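For reference, the structure is listed below as structure tokens.
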Amino acid sequence: MRNDRRLTGYVERGRQVQIVVDGVPLPAFEGESLAAALLAAGRRALRTSPDRAEPRGMYCGIGLCFECVLPIDGQPAVRACQTPVRDGMRIGTP
Amino acid sequence: MSPATWPLIIVGGGPAGIAAATEAARAGLRCLIVDEAPALGGQIYRQPPGEFRIPDARRLGRDHRRGERLRAELAAAGDRVEVRSGTSVVDIVDGRTVVCVGPGAALRSLPAERLVLATGAYDRPVPFPGWTLPGVLTAGGAQTLLKTMRIRPGERALVSGTGPLLLVVAGQLHQAGVRVVAVLDAGGSAYPPRTLARAWRQVGLLRDGARYRLALARARIPVRYHHSVFAAYGEGAVEVVEYGPVGPGDWRPIQQRERFAEVDLLVVGYGFVPNVELSELAGCRTEYVPALGGWVPVRDESMQTTVPGVFAVGDGAGVAGALVAVEEGRLAGIAAAEQAGMLSAADAGHRRRRPQRRLRALAPVRDALDALSAIRPGLSELATDETLLCRCEEVTRAQVCDAVAQGAGDLQAVKLLTRLGMGACQGRNCAPSTAGLLGCAPGAAGRINPRPPVRPVTLATLARQARQEGGTR
């Protein structure tokens, strides 16, 4: 993939898979967390806060802050930073 | 086959947990490591995912090698250790039974005769205007993306916080091709000659920091001491960061001398806070020790908490870094094996000698590091009335101050009046900073009591469990 934020060298990524974000297919690699795959594609904002409707994205990256939660495969509020991508994974409202 | 009651369960598979399991297994004790991550290593020794291939591991650096050495030591200790990865502990009941959620969202109760809690620490939250914007990442989060996921978290970055870890993160960002505009350290120049001389041989972090300091100098990346981020601005994500000098003694922001930098990434790392929820749920007494990051379980020399048979080790029991964590883990593993009758007192004493000696050797460096990076009260002035202190429930500083004016004297009262700390993070990201606003010593502000489950569990998972148990518990 061109122009994304994946670093080359040091490691070879896993098999390429496809995830579906708000209906749009996005390539990712097995082993990547969903948060990493989204950031690699340049998506910093992941959701809108319920009260003040402000943008939020990954913050702690280690599963503690719950800022990166997204609806994943119909399950609400799953931590993107702790969830490995899977082929066909659907993110967002269907 | 897994035993009905485990002789030892270790919560957390970082350096402390791995070392505890290694020593326990060497003494013949069967044990189980429960860890939230996909593989052992903790935050510091997190390895690239198993699906990635690593043609040349040497290029992954010193931390990778240290992690590999620990994992190899554990593997050599035999097959008495079982590991459940991808499994979150959500509660500890009756002092000794670990309730966890594994892959497939199945809830399990695992009784144990003894526990080692090696739960690690997280980046200290410091609220400032704009800290909730996408593109603001903790130092730990940035390192996970760089080291584990091998992803560049941004294109232009500012790094702000305190301590030598900043230099390490900035160096890693630079190596990954991120343009690092500046590194801002609220503390003073980190290396008084005597500290450095002592630390040089012993503490990897200082040494790594010093090496990256040179690399940053070569790349002409400025490191500004007694400086901090003041605010972040942007439409939808970080675009501009405002920063400037802070008072050298109290770290109070000197707002008149602010500057601006256009960046798409702001990395913040103001030290760490121990994860103590599970110690508290296990019934361990805690105390407030600023030098160790805040609330920590009270322990004896064998790393045992006030609950017999429950040990707490590593950064989750007091922030002191990975090298200390390993030795503490060893002591707990030895003590657990001794309690279980697998080691004689003499044999245990003999095995304890080396970790004890190493902890003594590390102590002076720890003291020096503590003094350099101890958080100063001026940082709490970064937040304005409109700044969110509680990210989950979206509670502003003004709302907290109102609650205090109405008579809320501790965190529990602020929680009841404002909902601060009631969200999914359970107060981890608001309690440390809010404690500083209550007009009392942070230790007197009390705690936001952890409530199980300490990680959200879906109702479907709970319902499945209830069906399996026939509604009893």
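Chain lettering (A, B, ...) mirrors the order of the structure tokens, residue numbering begins at 1 for each chain separately, and ligand numbering begins at 1 in order of display.
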
List every residue of chain A that DSSP, applied to the backbone of this structure, assigns to helix (DSSP H, G or I), and report them as an MDAnalysis selection string. chainID A and resid 34:40 80:82

Considering only C-alpha atoms, return as a PyMOL selection string whatever protein or nucleic-acid residues lie within 8 Å of stretch 54-65 of chain A, sequence-local ones (same chain, fewer than 6 positions apart) excluded. (chain A and resi 35+44-48+79+81-82) or (chain B and resi 43+122-123+132-138+140-142+144-145+236-237+424-425+428-429)

Near stretch 434-445 of chain B, within 6 Å and counting only C-alpha atoms, which residues show up once chain neighbours fewer than 2 positions away are dropped, as a VMD selection string? chain B and resid 288 410 to 411 430 to 432

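In terms of minimum interatomic distance to A:Ala40, B:Gly154 ranks closest within B:Gly154, B:Gly407, B:Gly249, B:Gly187, counting only C-alpha atoms.
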
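Ranking A:Ala37, A:Gln18, A:Met89, A:Leu26 by their shortest atom-to-atom distance to chain B, with only C-alpha atoms included, puts A:Ala37 first.
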
Env of B:Gly130: 8 Å cut, atoms = only C-alpha atoms, seq-sep filter 2 positions within chain, self excluded. Answer as a PyMOL selection string. chain B and resi 128+132-133+231-233+238+387

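Considering only C-alpha atoms, the residue among B:Val273, B:Val83, B:Ala408, B:Leu167 positioned nearest to chain A is B:Val273.
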
9 Å contact set for A:Ala36, only C-alpha atoms, chain neighbours under 4 positions out, as a list in words: Glu32, Ala40, Ala41, Ala80 and Cys81 of chain A; Leu145, Met149, Arg150, Ile151 and Pro153 of chain B

Please indicate the distance in Å from atom CA of B:Arg354 to atom CA of B:Ser85, rounded to one decimal place.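 Computed distance, atom CA of B:Arg354 to atom CA of B:Ser85, equals 29.6 Å.
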
Strand (DSSP E or B) residues, from DSSP on the backbone, in stretch 123-289 of chain B, as an MDAnalysis selection string: chainID B and resid 123 136:138 151 156:161 179:185 223:225 227:233 240:246 253 259:262 265:269 272:274 286:289

Which residue is closest to A:Leu38? Choose from B:Arg152, B:Glu258, B:Val81, B:Val11 and count only C-alpha atoms. B:Arg152

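Between atom CA of B:Glu23 and atom CA of B:Glu280 lies a distance of 25.1 Å.
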
Which residue gives the smallest distance to B:Pro450 among B:Gly247, B:Gln339, B:Val90, B:Leu323, with only C-alpha atoms counted?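 Among the listed residues, B:Val90 lies closest to B:Pro450.
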